[in-house]
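Peer 1: The file below is input-v6.txt, compact mmCIF, N, CA and C atoms:
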# COMPACT_ATOMS: atom_id res chain seq x y z
N MET A 1 56.22 12.92 1.98
CA MET A 1 55.15 12.83 2.95
C MET A 1 53.87 13.47 2.40
N THR A 2 54.00 14.66 1.79
CA THR A 2 52.83 15.34 1.23
C THR A 2 52.23 14.51 0.11
N ARG A 3 53.14 13.89 -0.65
CA ARG A 3 52.66 13.06 -1.76
C ARG A 3 51.86 11.86 -1.22
N GLN A 4 52.27 11.28 -0.11
CA GLN A 4 51.55 10.15 0.49
C GLN A 4 50.18 10.58 1.01
N ILE A 5 50.11 11.77 1.61
CA ILE A 5 48.84 12.27 2.13
C ILE A 5 47.85 12.47 0.98
N TRP A 6 48.34 13.09 -0.12
CA TRP A 6 47.46 13.31 -1.28
C TRP A 6 47.04 11.98 -1.89
N GLY A 7 47.92 11.01 -1.88
CA GLY A 7 47.58 9.68 -2.40
C GLY A 7 46.48 9.02 -1.58
N VAL A 8 46.59 9.17 -0.25
CA VAL A 8 45.56 8.59 0.64
C VAL A 8 44.23 9.30 0.42
N ILE A 9 44.25 10.64 0.32
CA ILE A 9 43.02 11.41 0.11
C ILE A 9 42.38 11.03 -1.23
N LEU A 10 43.20 10.95 -2.28
CA LEU A 10 42.68 10.60 -3.59
C LEU A 10 42.11 9.17 -3.59
N GLY A 11 42.81 8.26 -2.95
CA GLY A 11 42.34 6.87 -2.87
C GLY A 11 41.02 6.78 -2.12
N ALA A 12 40.90 7.53 -1.02
CA ALA A 12 39.66 7.52 -0.24
C ALA A 12 38.51 8.11 -1.05
N ALA A 13 38.79 9.17 -1.80
CA ALA A 13 37.75 9.80 -2.61
C ALA A 13 37.25 8.84 -3.69
N VAL A 14 38.18 8.13 -4.34
CA VAL A 14 37.79 7.17 -5.37
C VAL A 14 36.99 6.04 -4.75
N LEU A 15 37.42 5.54 -3.60
CA LEU A 15 36.72 4.47 -2.92
C LEU A 15 35.31 4.90 -2.52
N LEU A 16 35.18 6.08 -1.95
CA LEU A 16 33.86 6.57 -1.51
C LEU A 16 32.94 6.86 -2.69
N SER A 17 33.51 7.33 -3.78
CA SER A 17 32.65 7.62 -4.94
C SER A 17 32.07 6.33 -5.50
N GLY A 18 32.77 5.22 -5.37
CA GLY A 18 32.26 3.93 -5.83
C GLY A 18 31.15 3.41 -4.95
N CYS A 19 31.05 3.89 -3.72
CA CYS A 19 30.01 3.45 -2.79
C CYS A 19 28.70 4.19 -2.99
N ALA A 20 28.75 5.34 -3.63
CA ALA A 20 27.53 6.12 -3.80
C ALA A 20 26.58 5.39 -4.74
N THR A 21 25.33 5.31 -4.35
CA THR A 21 24.32 4.68 -5.19
C THR A 21 23.69 5.74 -6.07
N PRO A 22 23.77 5.57 -7.39
CA PRO A 22 23.15 6.58 -8.24
C PRO A 22 21.64 6.55 -8.09
N VAL A 23 21.05 7.72 -8.11
CA VAL A 23 19.60 7.83 -8.00
C VAL A 23 19.03 7.70 -9.41
N PRO A 24 18.21 6.67 -9.66
CA PRO A 24 17.66 6.52 -11.01
C PRO A 24 16.66 7.62 -11.33
N VAL A 25 16.58 7.96 -12.61
CA VAL A 25 15.63 8.97 -13.06
C VAL A 25 14.43 8.24 -13.64
N TYR A 26 13.29 8.43 -13.02
CA TYR A 26 12.06 7.83 -13.51
C TYR A 26 11.15 8.95 -14.01
N PRO A 27 10.40 8.69 -15.07
CA PRO A 27 9.43 9.70 -15.49
C PRO A 27 8.40 9.89 -14.38
N ARG A 28 8.13 11.13 -14.10
CA ARG A 28 7.06 11.41 -13.13
C ARG A 28 5.71 11.28 -13.81
N VAL A 29 5.67 11.59 -15.11
CA VAL A 29 4.43 11.47 -15.86
C VAL A 29 4.49 10.20 -16.69
N ILE A 30 3.48 9.38 -16.55
CA ILE A 30 3.39 8.18 -17.38
C ILE A 30 2.16 8.31 -18.28
N ILE A 31 2.20 7.62 -19.41
CA ILE A 31 1.09 7.64 -20.35
C ILE A 31 0.36 6.31 -20.22
N ARG A 32 -0.92 6.38 -19.88
CA ARG A 32 -1.71 5.16 -19.71
C ARG A 32 -2.38 4.73 -21.00
N GLU A 33 -2.72 5.70 -21.84
CA GLU A 33 -3.44 5.37 -23.06
C GLU A 33 -3.08 6.40 -24.13
N ALA A 34 -2.94 5.95 -25.36
CA ALA A 34 -2.65 6.85 -26.48
C ALA A 34 -3.34 6.32 -27.72
N TRP A 35 -4.22 7.12 -28.28
CA TRP A 35 -4.90 6.74 -29.52
C TRP A 35 -5.15 8.01 -30.32
N ALA A 36 -5.53 7.82 -31.58
CA ALA A 36 -5.68 8.98 -32.47
C ALA A 36 -6.90 8.86 -33.35
N GLU A 37 -7.35 10.04 -33.81
CA GLU A 37 -8.37 10.15 -34.85
C GLU A 37 -7.77 10.93 -36.00
N MET A 38 -8.17 10.58 -37.21
CA MET A 38 -7.83 11.36 -38.40
C MET A 38 -8.99 12.31 -38.63
N TRP A 39 -8.76 13.60 -38.51
CA TRP A 39 -9.81 14.58 -38.79
C TRP A 39 -9.65 15.03 -40.23
N GLN A 40 -10.71 14.90 -41.00
CA GLN A 40 -10.68 15.30 -42.40
C GLN A 40 -11.57 16.54 -42.56
N TRP A 41 -10.96 17.65 -42.95
CA TRP A 41 -11.66 18.92 -43.09
C TRP A 41 -12.27 19.03 -44.49
N PRO A 42 -13.36 19.81 -44.64
CA PRO A 42 -14.00 19.96 -45.95
C PRO A 42 -13.06 20.47 -47.04
N ASP A 43 -12.04 21.26 -46.65
CA ASP A 43 -11.11 21.80 -47.66
C ASP A 43 -10.01 20.81 -48.04
N GLY A 44 -10.07 19.57 -47.52
CA GLY A 44 -9.09 18.56 -47.88
C GLY A 44 -7.96 18.37 -46.88
N ARG A 45 -7.82 19.28 -45.94
CA ARG A 45 -6.77 19.11 -44.91
C ARG A 45 -7.11 17.92 -44.03
N GLN A 46 -6.06 17.32 -43.47
CA GLN A 46 -6.26 16.25 -42.49
C GLN A 46 -5.31 16.44 -41.33
N ASP A 47 -5.87 16.34 -40.15
CA ASP A 47 -5.09 16.47 -38.93
C ASP A 47 -5.16 15.15 -38.16
N VAL A 48 -4.05 14.79 -37.53
CA VAL A 48 -4.02 13.62 -36.67
C VAL A 48 -4.11 14.14 -35.23
N VAL A 49 -5.23 13.83 -34.57
CA VAL A 49 -5.50 14.30 -33.22
C VAL A 49 -5.19 13.15 -32.26
N ILE A 50 -4.28 13.38 -31.31
CA ILE A 50 -3.83 12.34 -30.40
C ILE A 50 -4.48 12.54 -29.03
N TYR A 51 -5.17 11.52 -28.57
CA TYR A 51 -5.81 11.52 -27.26
C TYR A 51 -4.88 10.77 -26.29
N LEU A 52 -4.67 11.33 -25.11
CA LEU A 52 -3.75 10.73 -24.13
C LEU A 52 -4.37 10.74 -22.74
N THR A 53 -3.99 9.78 -21.94
CA THR A 53 -4.26 9.82 -20.51
C THR A 53 -2.90 9.90 -19.82
N LEU A 54 -2.66 11.02 -19.13
CA LEU A 54 -1.39 11.28 -18.46
C LEU A 54 -1.57 11.15 -16.96
N VAL A 55 -0.64 10.49 -16.29
CA VAL A 55 -0.68 10.35 -14.84
C VAL A 55 0.62 10.89 -14.27
N ASN A 56 0.52 11.90 -13.41
CA ASN A 56 1.71 12.46 -12.76
C ASN A 56 1.90 11.75 -11.43
N GLN A 57 2.91 10.92 -11.35
CA GLN A 57 3.20 10.18 -10.12
C GLN A 57 4.19 10.93 -9.24
N GLY A 58 4.61 12.10 -9.68
CA GLY A 58 5.57 12.90 -8.92
C GLY A 58 4.88 13.81 -7.92
N ASN A 59 5.71 14.60 -7.25
CA ASN A 59 5.16 15.52 -6.26
C ASN A 59 5.27 16.98 -6.71
N ARG A 60 5.55 17.18 -8.00
CA ARG A 60 5.62 18.53 -8.56
C ARG A 60 4.82 18.57 -9.86
N ILE A 61 4.30 19.73 -10.16
CA ILE A 61 3.57 19.89 -11.42
C ILE A 61 4.52 19.70 -12.59
N ASP A 62 4.02 19.12 -13.66
CA ASP A 62 4.77 19.00 -14.90
C ASP A 62 3.88 19.54 -16.01
N ARG A 63 4.43 19.68 -17.20
CA ARG A 63 3.67 20.19 -18.34
C ARG A 63 4.04 19.41 -19.60
N LEU A 64 3.01 19.01 -20.34
CA LEU A 64 3.22 18.44 -21.66
C LEU A 64 3.43 19.62 -22.60
N LEU A 65 4.56 19.62 -23.32
CA LEU A 65 4.93 20.75 -24.17
C LEU A 65 4.67 20.52 -25.66
N GLY A 66 4.66 19.27 -26.10
CA GLY A 66 4.49 18.96 -27.51
C GLY A 66 5.26 17.69 -27.83
N GLY A 67 5.79 17.61 -29.04
CA GLY A 67 6.54 16.43 -29.40
C GLY A 67 6.96 16.43 -30.86
N ARG A 68 7.31 15.23 -31.34
CA ARG A 68 7.72 15.07 -32.73
C ARG A 68 7.40 13.63 -33.15
N SER A 69 7.39 13.42 -34.46
CA SER A 69 7.04 12.11 -34.99
C SER A 69 7.66 11.97 -36.38
N ASP A 70 7.78 10.72 -36.84
CA ASP A 70 8.23 10.51 -38.22
C ASP A 70 7.22 11.07 -39.22
N LEU A 71 5.96 11.19 -38.80
CA LEU A 71 4.92 11.71 -39.68
C LEU A 71 4.95 13.24 -39.79
N ALA A 72 5.58 13.89 -38.82
CA ALA A 72 5.65 15.35 -38.82
C ALA A 72 6.84 15.79 -37.98
N PRO A 73 7.57 16.82 -38.42
CA PRO A 73 8.73 17.25 -37.65
C PRO A 73 8.35 17.86 -36.30
N ARG A 74 7.15 18.39 -36.21
CA ARG A 74 6.71 19.00 -34.96
C ARG A 74 5.29 18.53 -34.66
N VAL A 75 5.06 18.11 -33.45
CA VAL A 75 3.73 17.77 -32.98
C VAL A 75 3.33 18.91 -32.05
N SER A 76 2.33 19.67 -32.46
CA SER A 76 1.93 20.85 -31.71
C SER A 76 0.92 20.50 -30.64
N LEU A 77 0.94 21.25 -29.55
CA LEU A 77 -0.04 21.10 -28.48
C LEU A 77 -1.12 22.16 -28.73
N LEU A 78 -2.31 21.68 -29.13
CA LEU A 78 -3.36 22.59 -29.56
C LEU A 78 -4.68 22.26 -28.88
N ARG A 79 -5.62 23.20 -28.95
CA ARG A 79 -6.99 22.95 -28.51
C ARG A 79 -7.94 23.62 -29.49
N GLN A 80 -9.17 23.14 -29.52
CA GLN A 80 -10.18 23.66 -30.44
C GLN A 80 -10.96 24.81 -29.81
N VAL A 81 -11.06 25.91 -30.53
CA VAL A 81 -11.90 27.03 -30.14
C VAL A 81 -12.63 27.47 -31.41
N ASP A 82 -13.94 27.32 -31.42
CA ASP A 82 -14.76 27.70 -32.58
C ASP A 82 -14.22 27.10 -33.88
N ARG A 83 -13.98 25.78 -33.87
CA ARG A 83 -13.51 25.04 -35.05
C ARG A 83 -12.15 25.52 -35.57
N THR A 84 -11.37 26.12 -34.70
CA THR A 84 -10.03 26.57 -35.06
C THR A 84 -9.04 26.05 -34.02
N TRP A 85 -7.89 25.58 -34.49
CA TRP A 85 -6.84 25.15 -33.56
C TRP A 85 -6.12 26.38 -33.00
N VAL A 86 -5.97 26.43 -31.69
CA VAL A 86 -5.18 27.49 -31.05
C VAL A 86 -4.13 26.82 -30.16
N PRO A 87 -2.93 27.41 -30.06
CA PRO A 87 -1.88 26.80 -29.24
C PRO A 87 -2.24 26.82 -27.75
N VAL A 88 -1.79 25.80 -27.06
CA VAL A 88 -1.90 25.76 -25.60
C VAL A 88 -0.64 26.43 -25.07
N GLU A 89 -0.76 27.69 -24.69
CA GLU A 89 0.39 28.48 -24.25
C GLU A 89 0.96 27.93 -22.95
N GLY A 90 2.27 27.76 -22.90
CA GLY A 90 2.95 27.30 -21.68
C GLY A 90 2.84 25.82 -21.41
N GLY A 91 2.19 25.07 -22.28
CA GLY A 91 2.06 23.64 -22.10
C GLY A 91 0.82 23.25 -21.33
N LEU A 92 0.47 21.98 -21.41
CA LEU A 92 -0.70 21.44 -20.71
C LEU A 92 -0.28 21.01 -19.31
N PRO A 93 -0.82 21.65 -18.25
CA PRO A 93 -0.40 21.29 -16.89
C PRO A 93 -0.88 19.90 -16.49
N VAL A 94 0.02 19.18 -15.81
CA VAL A 94 -0.29 17.88 -15.24
C VAL A 94 0.09 17.97 -13.76
N PRO A 95 -0.89 18.32 -12.90
CA PRO A 95 -0.60 18.49 -11.47
C PRO A 95 -0.12 17.20 -10.82
N PRO A 96 0.59 17.31 -9.68
CA PRO A 96 1.08 16.10 -9.00
C PRO A 96 -0.06 15.20 -8.55
N GLU A 97 0.20 13.90 -8.62
CA GLU A 97 -0.73 12.86 -8.18
C GLU A 97 -2.11 13.05 -8.81
N THR A 98 -2.12 13.38 -10.10
CA THR A 98 -3.36 13.65 -10.82
C THR A 98 -3.33 12.96 -12.17
N THR A 99 -4.51 12.60 -12.67
CA THR A 99 -4.67 12.06 -14.01
C THR A 99 -5.31 13.13 -14.88
N VAL A 100 -4.73 13.36 -16.06
CA VAL A 100 -5.24 14.35 -17.01
C VAL A 100 -5.53 13.64 -18.32
N THR A 101 -6.71 13.88 -18.87
CA THR A 101 -7.07 13.33 -20.17
C THR A 101 -6.97 14.43 -21.20
N CYS A 102 -6.14 14.20 -22.21
CA CYS A 102 -5.97 15.18 -23.29
C CYS A 102 -7.07 14.97 -24.33
N SER A 103 -7.68 16.06 -24.75
CA SER A 103 -8.69 16.02 -25.80
C SER A 103 -8.60 17.33 -26.57
N PRO A 104 -9.30 17.44 -27.70
CA PRO A 104 -9.24 18.68 -28.46
C PRO A 104 -9.75 19.89 -27.69
N TYR A 105 -10.53 19.68 -26.65
CA TYR A 105 -11.11 20.81 -25.93
C TYR A 105 -10.30 21.21 -24.70
N THR A 106 -9.45 20.30 -24.20
CA THR A 106 -8.57 20.64 -23.08
C THR A 106 -7.16 20.96 -23.57
N GLY A 107 -6.82 20.39 -24.71
CA GLY A 107 -5.48 20.49 -25.29
C GLY A 107 -4.95 19.10 -25.54
N CYS A 108 -4.35 18.90 -26.71
CA CYS A 108 -3.81 17.59 -27.06
C CYS A 108 -2.78 17.75 -28.16
N PRO A 109 -1.90 16.76 -28.32
CA PRO A 109 -0.94 16.79 -29.42
C PRO A 109 -1.66 16.62 -30.76
N VAL A 110 -1.27 17.43 -31.75
CA VAL A 110 -1.91 17.38 -33.06
C VAL A 110 -0.84 17.46 -34.15
N LEU A 111 -0.96 16.59 -35.14
CA LEU A 111 -0.14 16.68 -36.35
C LEU A 111 -1.02 17.37 -37.38
N THR A 112 -0.81 18.66 -37.61
CA THR A 112 -1.67 19.41 -38.52
C THR A 112 -1.22 19.21 -39.96
N ASN A 113 -2.19 19.24 -40.85
CA ASN A 113 -1.95 19.08 -42.29
C ASN A 113 -1.11 17.85 -42.60
N SER A 114 -1.49 16.73 -42.03
CA SER A 114 -0.73 15.50 -42.22
C SER A 114 -0.72 15.08 -43.68
N PRO A 115 0.47 14.82 -44.24
CA PRO A 115 0.55 14.36 -45.63
C PRO A 115 0.20 12.88 -45.77
N VAL A 116 0.14 12.16 -44.65
CA VAL A 116 -0.09 10.73 -44.66
C VAL A 116 -1.53 10.45 -44.24
N LEU A 117 -2.25 9.67 -45.03
CA LEU A 117 -3.60 9.28 -44.68
C LEU A 117 -3.52 8.01 -43.82
N LEU A 118 -3.94 8.13 -42.59
CA LEU A 118 -3.93 6.99 -41.67
C LEU A 118 -5.34 6.42 -41.59
N ARG A 119 -5.42 5.14 -41.41
CA ARG A 119 -6.72 4.45 -41.32
C ARG A 119 -6.82 3.76 -39.96
N PRO A 120 -8.04 3.47 -39.51
CA PRO A 120 -8.19 2.74 -38.24
C PRO A 120 -7.35 1.47 -38.24
N GLY A 121 -6.65 1.28 -37.14
CA GLY A 121 -5.75 0.13 -36.99
C GLY A 121 -4.29 0.46 -37.27
N ASP A 122 -4.04 1.55 -38.02
CA ASP A 122 -2.66 1.96 -38.26
C ASP A 122 -2.01 2.40 -36.95
N ARG A 123 -0.70 2.24 -36.88
CA ARG A 123 0.06 2.62 -35.68
C ARG A 123 1.24 3.50 -36.09
N PHE A 124 1.60 4.41 -35.20
CA PHE A 124 2.78 5.24 -35.41
C PHE A 124 3.33 5.62 -34.05
N PHE A 125 4.55 6.14 -34.05
CA PHE A 125 5.20 6.53 -32.81
C PHE A 125 5.30 8.05 -32.73
N VAL A 126 5.19 8.55 -31.52
CA VAL A 126 5.37 9.97 -31.26
C VAL A 126 6.27 10.09 -30.03
N VAL A 127 7.16 11.09 -30.06
CA VAL A 127 8.02 11.39 -28.92
C VAL A 127 7.39 12.59 -28.22
N LEU A 128 6.98 12.41 -26.97
CA LEU A 128 6.34 13.48 -26.22
C LEU A 128 7.37 14.19 -25.35
N GLU A 129 7.29 15.51 -25.32
CA GLU A 129 8.24 16.34 -24.57
C GLU A 129 7.52 16.98 -23.39
N PHE A 130 8.17 16.90 -22.23
CA PHE A 130 7.63 17.46 -21.00
C PHE A 130 8.58 18.51 -20.45
N GLU A 131 8.05 19.33 -19.56
CA GLU A 131 8.89 20.35 -18.93
C GLU A 131 9.91 19.72 -17.99
N ARG A 132 9.50 18.74 -17.18
CA ARG A 132 10.39 18.13 -16.20
C ARG A 132 10.68 16.65 -16.46
N SER A 133 9.69 15.91 -16.85
CA SER A 133 9.87 14.48 -17.08
C SER A 133 10.68 14.26 -18.36
N PRO A 134 11.38 13.14 -18.44
CA PRO A 134 12.12 12.84 -19.67
C PRO A 134 11.16 12.65 -20.84
N GLU A 135 11.68 12.83 -22.05
CA GLU A 135 10.89 12.54 -23.24
C GLU A 135 10.43 11.09 -23.19
N GLN A 136 9.26 10.84 -23.77
CA GLN A 136 8.74 9.48 -23.80
C GLN A 136 8.30 9.13 -25.21
N VAL A 137 8.71 7.95 -25.67
CA VAL A 137 8.27 7.44 -26.97
C VAL A 137 7.00 6.64 -26.73
N VAL A 138 5.96 6.99 -27.47
CA VAL A 138 4.66 6.38 -27.27
C VAL A 138 4.13 5.84 -28.60
N GLU A 139 3.63 4.61 -28.57
CA GLU A 139 2.97 4.06 -29.75
C GLU A 139 1.51 4.49 -29.72
N VAL A 140 1.04 5.02 -30.84
CA VAL A 140 -0.33 5.53 -30.95
C VAL A 140 -1.05 4.68 -31.99
N VAL A 141 -2.25 4.25 -31.67
CA VAL A 141 -3.06 3.51 -32.63
C VAL A 141 -4.21 4.39 -33.10
N VAL A 142 -4.46 4.38 -34.41
CA VAL A 142 -5.56 5.15 -34.98
C VAL A 142 -6.84 4.36 -34.78
N ARG A 143 -7.81 4.98 -34.11
CA ARG A 143 -9.08 4.31 -33.84
C ARG A 143 -10.17 4.69 -34.83
N ALA A 144 -10.13 5.92 -35.33
CA ALA A 144 -11.25 6.37 -36.15
C ALA A 144 -10.82 7.44 -37.14
N MET A 145 -11.65 7.61 -38.16
CA MET A 145 -11.54 8.71 -39.08
C MET A 145 -12.79 9.55 -38.87
N ALA A 146 -12.63 10.86 -38.72
CA ALA A 146 -13.77 11.70 -38.39
C ALA A 146 -13.82 12.89 -39.34
N PRO A 147 -14.86 12.94 -40.20
CA PRO A 147 -15.01 14.13 -41.03
C PRO A 147 -15.44 15.30 -40.15
N VAL A 148 -14.83 16.45 -40.39
CA VAL A 148 -15.19 17.64 -39.62
C VAL A 148 -16.18 18.44 -40.46
N PRO A 149 -17.39 18.69 -39.93
CA PRO A 149 -18.41 19.41 -40.73
C PRO A 149 -18.04 20.86 -40.98
Would you kindly transcribe this structure into structure tokens?
Peer 2:
Amino acid sequence: MTRQIWGVILGAAVLLSGCATPVPVYPRVIIREAWAEMWQWPDGRQDVVIYLTLVNQGNRIDRLLGGRSDLAPRVSLLRQVDRTWVPVEGGLPVPPETTVTCSPYTGCPVLTNSPVLLRPGDRFFVVLEFERSPEQVVEVVVRAMAPVP
């Protein structure tokens, strides 16, 4: 009798678990635009500066933390202060229901000391990492080369 009761309970649990609809995971932050400039420094260094437009469609703040690429093992989140790159501590905030444009002055992903010379029209992929949203693979097109005075 006990075995029959446990069989009924187990059968009901399996049946009910099949009825549950899984909740899909959607990125709360989407990328609307991604392009890059090659910055060439007088000392010969070259940095790939990635400009992004981020849209948070969620109801909670998220943060862009950085990323990675085949061109560099780490894509740092940096901003320019007096012609020097400084880290964006804690990530770049993307408030809910807001659009944020990444630039060197607000903070943006940067591949520093890039060993690869990219030219306008070249494309590459970067994986962007967020605090809450899933990682996103983004194709970036190089629009310009900019000598830094």
Peer 1: I'd like the contact shell of range 99-106 of chain A - 10 Å cut-off, only C-alpha atoms, skipping same-chain residues fewer than 2 positions apart - returned as a PDB file with N, CA and C atoms, in the frame of the given file.
Peer 2:
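The result, written out as result-v9.pdb:
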ATOM      1  N   VAL A  29       5.670  11.590 -15.110  1.00  0.00           N
ATOM      2  CA  VAL A  29       4.430  11.470 -15.860  1.00  0.00           C
ATOM      3  C   VAL A  29       4.490  10.200 -16.690  1.00  0.00           C
ATOM      4  N   ILE A  30       3.480   9.380 -16.550  1.00  0.00           N
ATOM      5  CA  ILE A  30       3.390   8.180 -17.380  1.00  0.00           C
ATOM      6  C   ILE A  30       2.160   8.310 -18.280  1.00  0.00           C
ATOM      7  N   ILE A  31       2.200   7.620 -19.410  1.00  0.00           N
ATOM      8  CA  ILE A  31       1.090   7.640 -20.350  1.00  0.00           C
ATOM      9  C   ILE A  31       0.360   6.310 -20.220  1.00  0.00           C
ATOM     10  N   ARG A  32      -0.920   6.380 -19.880  1.00  0.00           N
ATOM     11  CA  ARG A  32      -1.710   5.160 -19.710  1.00  0.00           C
ATOM     12  C   ARG A  32      -2.380   4.730 -21.000  1.00  0.00           C
ATOM     13  N   GLU A  33      -2.720   5.700 -21.840  1.00  0.00           N
ATOM     14  CA  GLU A  33      -3.440   5.370 -23.060  1.00  0.00           C
ATOM     15  C   GLU A  33      -3.080   6.400 -24.130  1.00  0.00           C
ATOM     16  N   ALA A  34      -2.940   5.950 -25.360  1.00  0.00           N
ATOM     17  CA  ALA A  34      -2.650   6.850 -26.480  1.00  0.00           C
ATOM     18  C   ALA A  34      -3.340   6.320 -27.720  1.00  0.00           C
ATOM     19  N   VAL A  49      -5.230  13.830 -34.570  1.00  0.00           N
ATOM     20  CA  VAL A  49      -5.500  14.300 -33.220  1.00  0.00           C
ATOM     21  C   VAL A  49      -5.190  13.150 -32.260  1.00  0.00           C
ATOM     22  N   ILE A  50      -4.280  13.380 -31.310  1.00  0.00           N
ATOM     23  CA  ILE A  50      -3.830  12.340 -30.400  1.00  0.00           C
ATOM     24  C   ILE A  50      -4.480  12.540 -29.030  1.00  0.00           C
ATOM     25  N   TYR A  51      -5.170  11.520 -28.570  1.00  0.00           N
ATOM     26  CA  TYR A  51      -5.810  11.520 -27.260  1.00  0.00           C
ATOM     27  C   TYR A  51      -4.880  10.770 -26.290  1.00  0.00           C
ATOM     28  N   LEU A  52      -4.670  11.330 -25.110  1.00  0.00           N
ATOM     29  CA  LEU A  52      -3.750  10.730 -24.130  1.00  0.00           C
ATOM     30  C   LEU A  52      -4.370  10.740 -22.740  1.00  0.00           C
ATOM     31  N   THR A  53      -3.990   9.780 -21.940  1.00  0.00           N
ATOM     32  CA  THR A  53      -4.260   9.820 -20.510  1.00  0.00           C
ATOM     33  C   THR A  53      -2.900   9.900 -19.820  1.00  0.00           C
ATOM     34  N   LEU A  54      -2.660  11.020 -19.130  1.00  0.00           N
ATOM     35  CA  LEU A  54      -1.390  11.280 -18.460  1.00  0.00           C
ATOM     36  C   LEU A  54      -1.570  11.150 -16.960  1.00  0.00           C
ATOM     37  N   VAL A  55      -0.640  10.490 -16.290  1.00  0.00           N
ATOM     38  CA  VAL A  55      -0.680  10.350 -14.840  1.00  0.00           C
ATOM     39  C   VAL A  55       0.620  10.890 -14.270  1.00  0.00           C
ATOM     40  N   ASN A  56       0.520  11.900 -13.410  1.00  0.00           N
ATOM     41  CA  ASN A  56       1.710  12.460 -12.760  1.00  0.00           C
ATOM     42  C   ASN A  56       1.900  11.750 -11.430  1.00  0.00           C
ATOM     43  N   GLN A  57       2.910  10.920 -11.350  1.00  0.00           N
ATOM     44  CA  GLN A  57       3.200  10.180 -10.120  1.00  0.00           C
ATOM     45  C   GLN A  57       4.190  10.930  -9.240  1.00  0.00           C
ATOM     46  N   LEU A  64       3.010  19.010 -20.340  1.00  0.00           N
ATOM     47  CA  LEU A  64       3.220  18.440 -21.660  1.00  0.00           C
ATOM     48  C   LEU A  64       3.430  19.620 -22.600  1.00  0.00           C
ATOM     49  N   LEU A  77       0.940  21.250 -29.550  1.00  0.00           N
ATOM     50  CA  LEU A  77      -0.040  21.100 -28.480  1.00  0.00           C
ATOM     51  C   LEU A  77      -1.120  22.160 -28.730  1.00  0.00           C
ATOM     52  N   LEU A  78      -2.310  21.680 -29.130  1.00  0.00           N
ATOM     53  CA  LEU A  78      -3.360  22.590 -29.560  1.00  0.00           C
ATOM     54  C   LEU A  78      -4.680  22.260 -28.880  1.00  0.00           C
ATOM     55  N   ARG A  79      -5.620  23.200 -28.950  1.00  0.00           N
ATOM     56  CA  ARG A  79      -6.990  22.950 -28.510  1.00  0.00           C
ATOM     57  C   ARG A  79      -7.940  23.620 -29.490  1.00  0.00           C
ATOM     58  N   GLN A  80      -9.170  23.140 -29.520  1.00  0.00           N
ATOM     59  CA  GLN A  80     -10.180  23.660 -30.440  1.00  0.00           C
ATOM     60  C   GLN A  80     -10.960  24.810 -29.810  1.00  0.00           C
ATOM     61  N   VAL A  81     -11.060  25.910 -30.530  1.00  0.00           N
ATOM     62  CA  VAL A  81     -11.900  27.030 -30.140  1.00  0.00           C
ATOM     63  C   VAL A  81     -12.630  27.470 -31.410  1.00  0.00           C
ATOM     64  N   TRP A  85      -7.890  25.580 -34.490  1.00  0.00           N
ATOM     65  CA  TRP A  85      -6.840  25.150 -33.560  1.00  0.00           C
ATOM     66  C   TRP A  85      -6.120  26.380 -33.000  1.00  0.00           C
ATOM     67  N   VAL A  88      -1.790  25.800 -27.060  1.00  0.00           N
ATOM     68  CA  VAL A  88      -1.900  25.760 -25.600  1.00  0.00           C
ATOM     69  C   VAL A  88      -0.640  26.430 -25.070  1.00  0.00           C
ATOM     70  N   LEU A  92       0.470  21.980 -21.410  1.00  0.00           N
ATOM     71  CA  LEU A  92      -0.700  21.440 -20.710  1.00  0.00           C
ATOM     72  C   LEU A  92      -0.280  21.010 -19.310  1.00  0.00           C
ATOM     73  N   PRO A  93      -0.820  21.650 -18.250  1.00  0.00           N
ATOM     74  CA  PRO A  93      -0.400  21.290 -16.890  1.00  0.00           C
ATOM     75  C   PRO A  93      -0.880  19.900 -16.490  1.00  0.00           C
ATOM     76  N   VAL A  94       0.020  19.180 -15.810  1.00  0.00           N
ATOM     77  CA  VAL A  94      -0.290  17.880 -15.240  1.00  0.00           C
ATOM     78  C   VAL A  94       0.090  17.970 -13.760  1.00  0.00           C
ATOM     79  N   PRO A  95      -0.890  18.320 -12.900  1.00  0.00           N
ATOM     80  CA  PRO A  95      -0.600  18.490 -11.470  1.00  0.00           C
ATOM     81  C   PRO A  95      -0.120  17.200 -10.820  1.00  0.00           C
ATOM     82  N   PRO A  96       0.590  17.310  -9.680  1.00  0.00           N
ATOM     83  CA  PRO A  96       1.080  16.100  -9.000  1.00  0.00           C
ATOM     84  C   PRO A  96      -0.060  15.200  -8.550  1.00  0.00           C
ATOM     85  N   GLU A  97       0.200  13.900  -8.620  1.00  0.00           N
ATOM     86  CA  GLU A  97      -0.730  12.860  -8.180  1.00  0.00           C
ATOM     87  C   GLU A  97      -2.110  13.050  -8.810  1.00  0.00           C
ATOM     88  N   CYS A 108      -4.350  18.900 -26.710  1.00  0.00           N
ATOM     89  CA  CYS A 108      -3.810  17.590 -27.060  1.00  0.00           C
ATOM     90  C   CYS A 108      -2.780  17.750 -28.160  1.00  0.00           C
ATOM     91  N   PRO A 109      -1.900  16.760 -28.320  1.00  0.00           N
ATOM     92  CA  PRO A 109      -0.940  16.790 -29.420  1.00  0.00           C
ATOM     93  C   PRO A 109      -1.660  16.620 -30.760  1.00  0.00           C
ATOM     94  N   VAL A 110      -1.270  17.430 -31.750  1.00  0.00           N
ATOM     95  CA  VAL A 110      -1.910  17.380 -33.060  1.00  0.00           C
ATOM     96  C   VAL A 110      -0.840  17.460 -34.150  1.00  0.00           C
TER      97      VAL A 110
END
Peer 1: Work out how far CA of Pro147 in chain A is from atom N of Asp82 in chain A, in Å to one decimal.
Peer 2: 16.4 Å
Peer 1: Expressed in Å to a single decimal, how great is the separation between atom C of Phe130 in chain A and atom N of Val48 in chain A?
Peer 2: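 Atom N of Val48 in chain A lies at a distance of 21.6 Å from atom C of Phe130 in chain A.
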Peer 1: Could you please write out, as a PyMOL selection string, every residue of chain A that DSSP assigns to helix (DSSP H, G or I)?
Peer 2: chain A and resi 2-19
Peer 1: Just to confirm, what's the straight-line distance from atom C of Val140 in chain A to atom C of Asn59 in chain A in Å (one decimal)?
Peer 2: 28.8 Å
